[in-house]
Amino acid sequence: MSRPVRCRRIERLPVYRSFSPDDTAAAESVRMTVDEFEALRLLDDEGLTQEACAAKMNVARTTVTAIYDSARKKVADALVHGKRLLIAGGCCEFEPVEIRQTIMEKGSTCMRIAVTYENGEVFQHFGHTEQFRLYDAENGRITGAQTVNTNGSGHGALAGFLQTAKVDALICGGIGMGARMALADAGIRLYAGVQGSADAAAKALAEGTLSYDPNARCDHHDHGEDCGNHREDECRQSSAECGQGHCHKD
């Protein structure tokens with residue numbers, strides 16, 4: 001049995017996620033993971049040594065060498081062969097985010113659900129949420145709940161907050177593409193386009209009956225039938241490339 005992959009700490013998310021040659025229609029794509037991008041950024045843009053890079057990413061120097069070599073080969077493949085370069089996925093964790101209140105202890109078999117929260121309802125703008133309502137679910141029922149205040153701004157900070165709080169799934173209203181990618185990089189499943197009671201939404205997710213809109217955006221508020229609502233027991237979103245639950249943190 002192979003050893004679980006250790007998550008790589010990410011200090012800065014990539015601002016630009018895709019690059020394409022403008023003088024040809026690139027039929028093929030090369031996928032670079034976020035941790036490979038981070039190694040390139042730290043070593044080639046910031047000029048750090050491999051030892052310093054390894055310390056920032058919280059991995060061994062030999063791991064940094066392997067990540068960096070893989071990233072450079074992918075850049076070369078894209079440049080030489082005119083392929084589109086995409087940056088997404090990987091086994092990532094964000095810089096630790098300070099949570100200024102005690103979070104309820106999470107059981108080893110629980111699923112922790114976070115809901116963007118305001119006055120008992122699902123708040124409709126992920127990037128501006130000031131509170132999350134956390135729910136622990138086990139065997140199809142909610143076993144605990146707590147409201148927590150966020151203390152950051154921007155999707156990277158909020159994704160890091162959720163990761164620090166050991167969240168497995170997020171329920172929200174509208175959400176932008178950058179935030180979607182940040183959550184995927186953090187291994188957090190997303191259920192967007194949800195409205196109404198936060199308690200009812202969390203209960204429905206625990207029971208496998210939540211209706212949500214996988215295409216919901218912050219600039220789109222009319223989540224009607226044409227948005228393609230799905231039930232959780234019919235459509236489960238996949239996590240980033242590393243796979244949910246396979247990152248090893250120590």
# chains A, B, ... in the order shown; residues from 1 in each chain; ligands from 1
>>> closest_atom_pairs(of="stretch 7-48 of chain A", to="stretch 186-191 of chain A", cutoff="12 Å", atoms="only C-alpha atoms", output="JSON lines")
{"residue": "A:Cys7", "atom": "CA", "partner": "A:Ala186", "partner_atom": "CA", "distance": 9.4}
{"residue": "A:Arg8", "atom": "CA", "partner": "A:Ala186", "partner_atom": "CA", "distance": 10.3}
{"residue": "A:Arg9", "atom": "CA", "partner": "A:Ala186", "partner_atom": "CA", "distance": 10.1}
{"residue": "A:Ile10", "atom": "CA", "partner": "A:Ala186", "partner_atom": "CA", "distance": 9.8}
{"residue": "A:Leu13", "atom": "CA", "partner": "A:Ala186", "partner_atom": "CA", "distance": 11.0}
{"residue": "A:Val34", "atom": "CA", "partner": "A:Ala186", "partner_atom": "CA", "distance": 10.3}
{"residue": "A:Asp35", "atom": "CA", "partner": "A:Ala186", "partner_atom": "CA", "distance": 11.4}
>>> residues_around(residues="stretch 116-131 of chain A", least_positions_apart="6", cutoff="7 Å", atoms="only C-alpha atoms", output="mmCIF file with C-alpha atoms, in the first residue's frame")
data_model
loop_
_atom_site.group_PDB
_atom_site.id
_atom_site.type_symbol
_atom_site.label_atom_id
_atom_site.label_comp_id
_atom_site.auth_asym_id
_atom_site.auth_seq_id
_atom_site.Cartn_x
_atom_site.Cartn_y
_atom_site.Cartn_z
ATOM 1 C CA THR A 147 -21.658 29.621 14.207
ATOM 2 C CA VAL A 148 -18.178 31.064 13.626
ATOM 3 C CA ASN A 149 -17.038 34.493 12.490
ATOM 4 C CA THR A 150 -14.668 34.737 9.530
ATOM 5 C CA GLY A 154 -10.822 37.037 -0.476
ATOM 6 C CA HIS A 155 -11.429 33.467 -1.562
ATOM 7 C CA ILE A 171 -23.040 25.026 1.025
ATOM 8 C CA CYS A 172 -23.433 28.548 -0.358
ATOM 9 C CA GLY A 173 -25.365 30.762 -2.755
ATOM 10 C CA GLY A 174 -23.342 32.454 -5.476
ATOM 11 C CA ILE A 175 -19.611 31.887 -5.811
ATOM 12 C CA VAL A 194 -28.663 27.005 -2.382
ATOM 13 C CA GLN A 195 -31.192 29.384 -0.815
ATOM 14 C CA GLY A 196 -33.306 29.421 2.327
ATOM 15 C CA SER A 197 -32.700 28.022 5.801
ATOM 16 C CA ALA A 198 -29.094 27.091 6.606
ATOM 17 C CA CYS A 218 -22.036 35.483 -7.668
#
>>> select_by_dssp(residues="stretch 1-190 of chain A", states="strand (DSSP E or B)", output="ChimeraX atom specification")
/A:5-6,8-10,18-19,29-32,84-87,92-94,111-118,121-122,125,131-138,141-149,169-171,174,189-190
>>> closest_residue(among="A:Ala78, A:Val167, A:Ala39, A:Leu48", to="A:Thr63", atoms="only C-alpha atoms")
A:Ala39
>>> residues_around(residues="A:Cys110", least_positions_apart="2", cutoff="9 Å", atoms="only C-alpha atoms", output="short mmCIF file (atom, residue, chain, number, x, y, z; two decimals) with C-alpha atoms, in the first residue's frame")
data_model
loop_
_atom_site.label_atom_id
_atom_site.label_comp_id
_atom_site.auth_asym_id
_atom_site.auth_seq_id
_atom_site.Cartn_x
_atom_site.Cartn_y
_atom_site.Cartn_z
CA LYS A 106 -14.67 16.96 15.08
CA GLY A 107 -15.17 13.22 15.32
CA SER A 108 -13.05 10.95 13.17
CA ARG A 112 -18.17 18.70 8.63
CA ASP A 136 -21.13 17.90 11.98
CA ALA A 137 -23.04 15.06 10.34
CA GLU A 138 -22.84 11.33 10.90
CA ASN A 139 -25.05 8.47 9.72
CA THR A 143 -24.86 15.79 15.47
#
>>> closest_residue(among="A:Pro214, A:Gly208, A:Gly178, A:Gly193", to="A:Tyr16", atoms="only C-alpha atoms")
A:Gly178
>>> atom_distance(atom1="atom CA of A:Asp168", atom2="atom CA of A:Leu42")
28.6 Å
